[in-house]
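Everything below belongs to upload35.cif, which stores mmCIF, C-alpha atoms.
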data_entry
#
loop_
_atom_site.label_atom_id
_atom_site.label_comp_id
_atom_site.auth_asym_id
_atom_site.auth_seq_id
_atom_site.Cartn_x
_atom_site.Cartn_y
_atom_site.Cartn_z
CA MET A 27 -5.51 37.15 178.40
CA ASP A 28 -3.64 40.24 179.56
CA ILE A 29 -1.76 39.19 182.68
CA ASN A 30 0.37 41.19 185.11
CA LEU A 31 2.85 38.78 186.61
CA LEU A 32 6.20 38.40 188.32
CA CYS A 33 7.68 35.07 187.22
CA ILE A 34 10.33 33.25 189.25
CA ASN A 35 12.27 30.34 187.77
CA VAL A 36 14.54 28.58 190.28
CA GLY A 37 17.25 26.52 188.63
CA ASN A 38 20.15 24.54 189.99
CA SER A 39 22.61 27.43 189.87
CA ARG A 40 20.65 30.55 188.83
CA LEU A 41 17.43 32.38 189.52
CA ALA A 42 15.60 33.96 186.59
CA LEU A 43 12.94 36.60 187.12
CA SER A 44 10.65 38.27 184.61
CA VAL A 45 7.82 40.77 184.57
CA PHE A 46 4.81 40.48 182.27
CA ILE A 47 2.62 43.57 181.97
CA ALA A 48 -0.64 43.24 180.02
CA GLY A 49 0.64 39.92 178.73
CA GLU A 50 3.90 41.28 177.34
CA LEU A 51 7.37 40.40 178.62
CA GLU A 52 8.81 43.70 179.84
CA TRP A 53 11.81 42.81 182.02
CA VAL A 54 14.14 39.86 182.69
CA LYS A 55 16.96 39.42 185.20
CA ARG A 56 19.15 36.47 186.13
CA VAL A 57 21.07 36.11 189.38
CA SER A 58 23.35 33.39 190.73
CA LEU A 59 21.74 31.52 193.61
CA ASP A 60 24.70 32.29 195.89
CA GLN A 61 24.10 36.06 195.61
CA LYS A 62 21.44 36.53 198.29
CA ILE A 63 21.61 40.33 198.43
CA GLU A 64 21.36 40.58 194.64
CA ILE A 65 18.41 38.16 194.61
CA GLU A 66 16.47 40.30 197.09
CA ALA A 67 17.27 43.45 195.10
CA ALA A 68 16.13 41.79 191.87
CA ILE A 69 12.80 40.73 193.41
CA GLU A 70 12.25 44.29 194.67
CA GLU A 71 13.15 45.72 191.26
CA GLY A 72 10.84 43.37 189.40
CA TRP A 73 7.91 43.85 191.77
CA GLY A 74 8.41 47.61 191.60
CA LYS A 75 7.67 47.49 187.88
CA LEU A 76 4.23 46.11 188.73
CA SER A 77 3.43 48.73 191.38
CA GLU A 78 0.72 50.44 189.29
CA VAL A 79 -1.22 47.28 188.37
CA LYS A 80 -2.82 44.37 190.16
CA ALA A 81 -0.36 41.51 189.85
CA ASP A 82 0.43 37.98 191.00
CA VAL A 83 3.59 35.94 191.50
CA ALA A 84 4.09 32.59 189.82
CA GLY A 85 7.09 30.31 189.91
CA ALA A 86 8.68 27.03 188.96
CA SER A 87 11.57 25.25 190.61
CA VAL A 88 13.90 22.27 190.26
CA ASN A 89 15.57 23.19 193.55
CA PRO A 90 13.17 22.54 196.48
CA VAL A 91 15.53 23.64 199.27
CA ILE A 92 16.25 26.99 197.64
CA HIS A 93 12.68 27.72 196.57
CA GLU A 94 11.32 27.12 200.07
CA GLN A 95 13.82 29.64 201.45
CA LEU A 96 13.16 32.01 198.58
CA GLU A 97 9.39 31.91 199.04
CA HIS A 98 9.60 33.71 202.40
CA THR A 99 11.59 36.55 200.81
CA ILE A 100 9.16 36.86 197.89
CA VAL A 101 6.09 36.99 200.16
CA ARG A 102 7.75 39.57 202.42
CA ILE A 103 8.57 41.86 199.48
CA THR A 104 5.45 41.41 197.37
CA GLY A 105 2.79 40.58 199.94
CA ARG A 106 1.59 37.94 197.49
CA PRO A 107 1.80 34.14 197.76
CA VAL A 108 3.87 32.34 195.15
CA GLN A 109 1.76 30.13 192.90
CA TRP A 110 4.08 27.27 191.97
CA VAL A 111 3.61 25.38 188.71
CA GLY A 112 3.04 21.74 189.58
CA ARG A 113 1.50 22.64 192.93
CA GLU A 114 -1.03 25.50 192.84
CA ILE A 115 -0.86 25.71 189.03
CA SER A 116 -1.31 22.72 186.73
CA LEU A 117 1.21 21.91 184.02
CA PRO A 118 0.26 23.52 180.70
CA MET A 119 0.87 20.34 178.69
CA LYS A 120 -0.20 16.71 178.92
CA VAL A 121 2.74 14.51 179.97
CA LEU A 122 2.92 11.00 178.50
CA THR A 123 6.05 9.75 180.26
CA ASP A 124 5.97 6.58 182.39
CA ALA A 125 5.87 8.66 185.57
CA PRO A 126 4.42 12.13 184.80
CA ALA A 127 4.64 13.29 188.43
CA GLN A 128 8.39 12.65 188.40
CA THR A 129 9.04 14.47 185.13
CA GLY A 130 10.84 17.78 185.72
CA VAL A 131 8.56 20.81 185.67
CA ASP A 132 11.27 22.79 183.89
CA ARG A 133 11.36 20.28 181.02
CA VAL A 134 7.60 20.51 180.53
CA LEU A 135 7.44 24.30 180.75
CA VAL A 136 10.03 25.00 178.06
CA MET A 137 8.36 22.45 175.80
CA ALA A 138 4.90 23.95 176.36
CA ALA A 139 6.19 27.43 175.57
CA ALA A 140 7.85 26.21 172.37
CA TYR A 141 4.71 24.35 171.27
CA GLU A 142 2.63 27.46 171.93
CA GLN A 143 4.71 29.20 169.27
CA MET A 144 5.25 26.32 166.82
CA HIS A 145 1.90 24.48 167.02
CA LYS A 146 3.58 21.28 165.88
CA ALA A 147 6.02 18.61 167.01
CA CYS A 148 9.29 20.11 168.21
CA VAL A 149 12.41 19.44 170.23
CA VAL A 150 13.59 21.74 173.00
CA VAL A 151 17.23 21.66 174.05
CA ASP A 152 17.73 23.31 177.45
CA ALA A 153 21.44 23.85 178.05
CA GLY A 154 22.17 24.78 181.64
CA THR A 155 23.62 22.88 184.60
CA ALA A 156 22.17 19.85 182.83
CA VAL A 157 21.39 19.51 179.14
CA THR A 158 17.87 18.22 178.55
CA VAL A 159 16.62 17.30 175.09
CA ASN A 160 12.87 16.76 174.99
CA LEU A 161 10.15 16.09 172.43
CA CYS A 162 6.46 16.84 171.99
CA ASN A 163 4.18 15.57 169.23
CA ASP A 164 1.87 17.46 166.88
CA ALA A 165 -0.91 17.23 169.48
CA GLY A 166 1.19 19.14 172.00
CA GLU A 167 1.84 16.18 174.29
CA PHE A 168 5.16 15.82 176.14
CA LEU A 169 6.65 12.47 175.12
CA GLY A 170 9.94 12.40 177.02
CA GLY A 171 13.57 12.96 176.17
CA ALA A 172 17.12 12.75 177.47
CA ILE A 173 19.11 14.28 180.34
CA ALA A 174 22.89 14.73 180.33
CA PRO A 175 25.47 16.78 182.24
CA GLY A 176 25.76 20.39 181.14
CA ALA A 177 28.88 21.87 179.58
CA SER A 178 30.17 23.58 182.72
CA LEU A 179 29.52 20.45 184.75
CA MET A 180 31.53 18.37 182.28
CA LEU A 181 34.44 20.81 182.33
CA LYS A 182 34.34 20.97 186.13
CA ALA A 183 34.38 17.18 186.40
CA LEU A 184 37.38 16.95 184.08
CA HIS A 185 39.26 19.42 186.28
CA GLU A 186 38.25 18.00 189.66
CA TYR A 187 38.59 14.30 188.89
CA THR A 188 41.90 14.36 187.05
CA ALA A 189 45.38 15.25 188.22
CA LYS A 190 46.44 17.72 185.54
CA LEU A 191 43.50 19.00 183.54
CA PRO A 192 42.96 22.75 184.14
CA ASP A 193 39.88 24.67 185.19
CA VAL A 194 38.34 25.86 181.90
CA SER A 195 35.27 28.01 181.27
CA LEU A 196 32.93 27.21 178.40
CA ALA A 197 33.69 28.91 175.10
CA VAL A 198 33.47 28.06 171.43
CA PRO A 199 36.64 26.08 170.61
CA ALA A 200 39.04 27.32 167.94
CA GLY A 201 38.34 24.19 165.92
CA ALA A 202 37.57 20.49 166.19
CA LEU A 203 41.27 19.70 166.57
CA GLY A 204 42.40 20.97 169.98
CA ARG A 205 46.07 21.95 169.77
CA ASN A 206 46.48 22.46 173.51
CA THR A 207 44.86 21.00 176.61
CA GLU A 208 42.31 23.78 177.10
CA GLN A 209 41.20 23.67 173.47
CA ALA A 210 41.04 19.88 173.53
CA MET A 211 38.73 20.01 176.56
CA LEU A 212 36.52 22.65 174.95
CA SER A 213 36.36 20.70 171.70
CA GLY A 214 35.38 17.52 173.51
CA VAL A 215 32.60 19.13 175.52
CA TYR A 216 31.31 21.50 172.82
CA ASN A 217 31.27 18.95 170.01
CA GLY A 218 30.20 16.17 172.36
CA ILE A 219 27.05 18.05 173.34
CA ARG A 220 26.23 19.06 169.76
CA GLY A 221 26.82 15.50 168.56
CA MET A 222 24.57 14.15 171.30
CA VAL A 223 21.81 16.58 170.38
CA LYS A 224 22.05 15.71 166.69
CA GLU A 225 21.93 11.97 167.42
CA LEU A 226 18.92 12.41 169.70
CA VAL A 227 17.00 14.60 167.25
CA GLU A 228 17.58 12.02 164.52
CA GLY A 229 16.28 9.31 166.86
CA PHE A 230 13.25 11.41 167.81
CA ALA A 231 12.51 12.01 164.11
CA LEU A 232 12.42 8.26 163.51
CA GLU A 233 9.97 7.89 166.41
CA LEU A 234 7.75 10.65 165.01
CA GLY A 235 8.02 9.84 161.34
CA ASN A 236 8.97 13.44 160.52
CA TRP A 237 11.68 15.97 161.35
CA PRO A 238 10.87 18.21 164.36
CA GLU A 239 12.02 21.80 164.64
CA VAL A 240 14.73 22.34 167.26
CA ILE A 241 14.42 25.21 169.75
CA CYS A 242 17.32 25.91 172.13
CA THR A 243 17.23 27.65 175.48
CA GLY A 244 19.24 27.86 178.70
CA GLY A 245 22.30 29.77 179.82
CA ASP A 246 24.73 27.99 177.49
CA ALA A 247 22.49 27.90 174.42
CA ASN A 248 24.10 30.80 172.57
CA VAL A 249 27.64 29.47 173.01
CA LEU A 250 26.72 25.92 172.04
CA PHE A 251 24.14 26.37 169.30
CA GLU A 252 24.20 29.86 167.78
CA GLY A 253 24.41 29.65 163.99
CA TRP A 254 24.07 25.85 163.97
CA GLU A 255 22.13 24.53 160.98
CA LEU A 256 20.15 22.18 163.21
CA THR A 257 18.74 25.04 165.29
CA HIS A 258 15.46 26.67 164.28
CA ALA A 259 15.67 29.32 167.02
CA ILE A 260 17.35 30.22 170.31
CA SER A 261 14.91 31.49 172.94
CA PRO A 262 16.65 32.30 176.24
CA ASP A 263 13.43 33.16 178.09
CA LEU A 264 11.45 30.03 177.18
CA ALA A 265 11.01 28.80 180.77
CA LEU A 266 9.67 32.20 181.85
CA TYR A 267 7.17 32.18 179.00
CA GLY A 268 6.22 28.66 180.09
CA ILE A 269 5.44 29.84 183.63
CA ALA A 270 3.33 32.70 182.26
CA LEU A 271 1.52 30.26 179.95
CA ALA A 272 0.76 27.87 182.83
CA TYR A 273 -0.51 30.76 184.97
CA THR A 274 -2.70 32.10 182.15
CA GLU A 275 -4.27 28.72 181.42
CA HIS A 276 -4.93 28.22 185.15
CA GLN A 277 -6.62 31.62 185.38
CA LEU A 278 -8.78 30.94 182.33
CA LYS A 279 -9.96 27.62 183.77
CA HIS A 280 -10.55 29.15 187.18
CA ASP A 281 -12.53 32.09 185.74
CA ALA A 282 -14.61 29.70 183.66
#

Just give me the structure of the file as structure tokens.
Amino acid sequence: MDINLLCINVGNSRLALSVFIAGELEWVKRVSLDQKIEIEAAIEEGWGKLSEVKADVAGASVNPVIHEQLEHTIVRITGRPVQWVGREISLPMKVLTDAPAQTGVDRVLVMAAAYEQMHKACVVVDAGTAVTVNLCNDAGEFLGGAIAPGASLMLKALHEYTAKLPDVSLAVPAGALGRNTEQAMLSGVYNGIRGMVKELVEGFALELGNWPEVICTGGDANVLFEGWELTHAISPDLALYGIALAYTEHQLKHDA
């Protein structure tokens, strides 16, 4: 289905926007949530790219306070209501957790987008403010996963809750053996997250009875996982594809 769509993904610290024209991803922009002027400009820029076609706005959010405020701005600029996944739009994947309604929309969307490409059991690692590691089976059903603090959150906690540890930004460490405080912090966080992911994927494989492909996404994915033998692919726009997938499936059901 050829869709024309402005997608809005509201995270804990960033807003991601994308434009799909005739079903193809044509434009992506990411803005920090504390940059209100830049957010408004990005919405105007994205909607402007859809000025010659009939288009809708669809979104997903893990940040209710921000997305309620943001919705007024979007409607004012686009003249279109925001169709939120999990509210106006159904999730594009069956969720088999103990409490499906409490399972994060963002976790399901990235998994659904990965399954749409892989058509088999896979793991999606979403590395942002939090690191989520989730699994679907060969039938495309969301089984669950794990949630941990993200890399920047770990580094921030080390700085704020200790007397002497410095404020360090995420980067690939020089090696496993940190020879100064900054490198030791980076090594602990970087290798800690990769070790966690490896342990979880091995556990998931035992549950499945086979080895799932690992797809990585999120703002820190390239730093943490680029070139790693465990990683099948890094797809930074997976959540945006997931929103477009959910919208498309909703439209197909509605038209039917």

*Point-to-point distance from atom CA of A:Asn35 to atom CA of A:Phe230, Å rounded to tenths*: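 Calculated distance between atom CA of A:Asn35 and atom CA of A:Phe230 is 27.5 Å.
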
Can you list, as a PDB file with C-alpha atoms, keeping the file's coordinate frame, the residues that the PyMOL selection byres ((chain A and resi 212-218) around 12) selects here?
ATOM      1  CA  ALA A 153      21.440  23.850 178.050  1.00  0.00           C
ATOM      2  CA  VAL A 157      21.390  19.510 179.140  1.00  0.00           C
ATOM      3  CA  ALA A 174      22.890  14.730 180.330  1.00  0.00           C
ATOM      4  CA  PRO A 175      25.470  16.780 182.240  1.00  0.00           C
ATOM      5  CA  GLY A 176      25.760  20.390 181.140  1.00  0.00           C
ATOM      6  CA  ALA A 177      28.880  21.870 179.580  1.00  0.00           C
ATOM      7  CA  SER A 178      30.170  23.580 182.720  1.00  0.00           C
ATOM      8  CA  LEU A 179      29.520  20.450 184.750  1.00  0.00           C
ATOM      9  CA  MET A 180      31.530  18.370 182.280  1.00  0.00           C
ATOM     10  CA  LEU A 181      34.440  20.810 182.330  1.00  0.00           C
ATOM     11  CA  LYS A 182      34.340  20.970 186.130  1.00  0.00           C
ATOM     12  CA  ALA A 183      34.380  17.180 186.400  1.00  0.00           C
ATOM     13  CA  LEU A 184      37.380  16.950 184.080  1.00  0.00           C
ATOM     14  CA  LEU A 191      43.500  19.000 183.540  1.00  0.00           C
ATOM     15  CA  PRO A 192      42.960  22.750 184.140  1.00  0.00           C
ATOM     16  CA  ASP A 193      39.880  24.670 185.190  1.00  0.00           C
ATOM     17  CA  VAL A 194      38.340  25.860 181.900  1.00  0.00           C
ATOM     18  CA  SER A 195      35.270  28.010 181.270  1.00  0.00           C
ATOM     19  CA  LEU A 196      32.930  27.210 178.400  1.00  0.00           C
ATOM     20  CA  ALA A 197      33.690  28.910 175.100  1.00  0.00           C
ATOM     21  CA  VAL A 198      33.470  28.060 171.430  1.00  0.00           C
ATOM     22  CA  PRO A 199      36.640  26.080 170.610  1.00  0.00           C
ATOM     23  CA  ALA A 200      39.040  27.320 167.940  1.00  0.00           C
ATOM     24  CA  GLY A 201      38.340  24.190 165.920  1.00  0.00           C
ATOM     25  CA  ALA A 202      37.570  20.490 166.190  1.00  0.00           C
ATOM     26  CA  LEU A 203      41.270  19.700 166.570  1.00  0.00           C
ATOM     27  CA  GLY A 204      42.400  20.970 169.980  1.00  0.00           C
ATOM     28  CA  ARG A 205      46.070  21.950 169.770  1.00  0.00           C
ATOM     29  CA  ASN A 206      46.480  22.460 173.510  1.00  0.00           C
ATOM     30  CA  THR A 207      44.860  21.000 176.610  1.00  0.00           C
ATOM     31  CA  GLU A 208      42.310  23.780 177.100  1.00  0.00           C
ATOM     32  CA  GLN A 209      41.200  23.670 173.470  1.00  0.00           C
ATOM     33  CA  ALA A 210      41.040  19.880 173.530  1.00  0.00           C
ATOM     34  CA  MET A 211      38.730  20.010 176.560  1.00  0.00           C
ATOM     35  CA  ILE A 219      27.050  18.050 173.340  1.00  0.00           C
ATOM     36  CA  ARG A 220      26.230  19.060 169.760  1.00  0.00           C
ATOM     37  CA  GLY A 221      26.820  15.500 168.560  1.00  0.00           C
ATOM     38  CA  MET A 222      24.570  14.150 171.300  1.00  0.00           C
ATOM     39  CA  VAL A 223      21.810  16.580 170.380  1.00  0.00           C
ATOM     40  CA  LYS A 224      22.050  15.710 166.690  1.00  0.00           C
ATOM     41  CA  GLU A 225      21.930  11.970 167.420  1.00  0.00           C
ATOM     42  CA  ASP A 246      24.730  27.990 177.490  1.00  0.00           C
ATOM     43  CA  ALA A 247      22.490  27.900 174.420  1.00  0.00           C
ATOM     44  CA  ASN A 248      24.100  30.800 172.570  1.00  0.00           C
ATOM     45  CA  VAL A 249      27.640  29.470 173.010  1.00  0.00           C
ATOM     46  CA  LEU A 250      26.720  25.920 172.040  1.00  0.00           C
ATOM     47  CA  PHE A 251      24.140  26.370 169.300  1.00  0.00           C
ATOM     48  CA  TRP A 254      24.070  25.850 163.970  1.00  0.00           C
TER      49      TRP A 254
END

Determine, counting all atoms listed in the file, every residue of protein, DNA or RNA that lies within 9 Å of (6.7, 17.4, 174.9) in the file coordinates, then give the result as a compact mmCIF listing (two decimals) with C-alpha atoms, keeping the file's coordinate frame.
# COMPACT_ATOMS: atom_id res chain seq x y z
CA MET A 119 0.87 20.34 178.69
CA LYS A 120 -0.20 16.71 178.92
CA VAL A 121 2.74 14.51 179.97
CA LEU A 122 2.92 11.00 178.50
CA ARG A 133 11.36 20.28 181.02
CA VAL A 134 7.60 20.51 180.53
CA VAL A 136 10.03 25.00 178.06
CA MET A 137 8.36 22.45 175.80
CA ALA A 138 4.90 23.95 176.36
CA TYR A 141 4.71 24.35 171.27
CA ALA A 147 6.02 18.61 167.01
CA CYS A 148 9.29 20.11 168.21
CA VAL A 149 12.41 19.44 170.23
CA VAL A 150 13.59 21.74 173.00
CA ASN A 160 12.87 16.76 174.99
CA LEU A 161 10.15 16.09 172.43
CA CYS A 162 6.46 16.84 171.99
CA ASN A 163 4.18 15.57 169.23
CA GLY A 166 1.19 19.14 172.00
CA GLU A 167 1.84 16.18 174.29
CA PHE A 168 5.16 15.82 176.14
CA LEU A 169 6.65 12.47 175.12
CA GLY A 170 9.94 12.40 177.02
CA GLY A 171 13.57 12.96 176.17

*Would you work out the distance separating atom CA of A:Ser58 from atom CA of A:Arg40, expressed in Å to one decimal?*
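Rounded to one decimal, the two atoms are 4.4 Å apart.
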
*asked:* Given all atoms listed in the file as the basis, pick out the residue of A:Glu233, A:Asp164, A:Asp263, A:Asp132 nearest to A:Lys146.
replied: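 Among the listed residues, A:Asp164 lies closest to A:Lys146.
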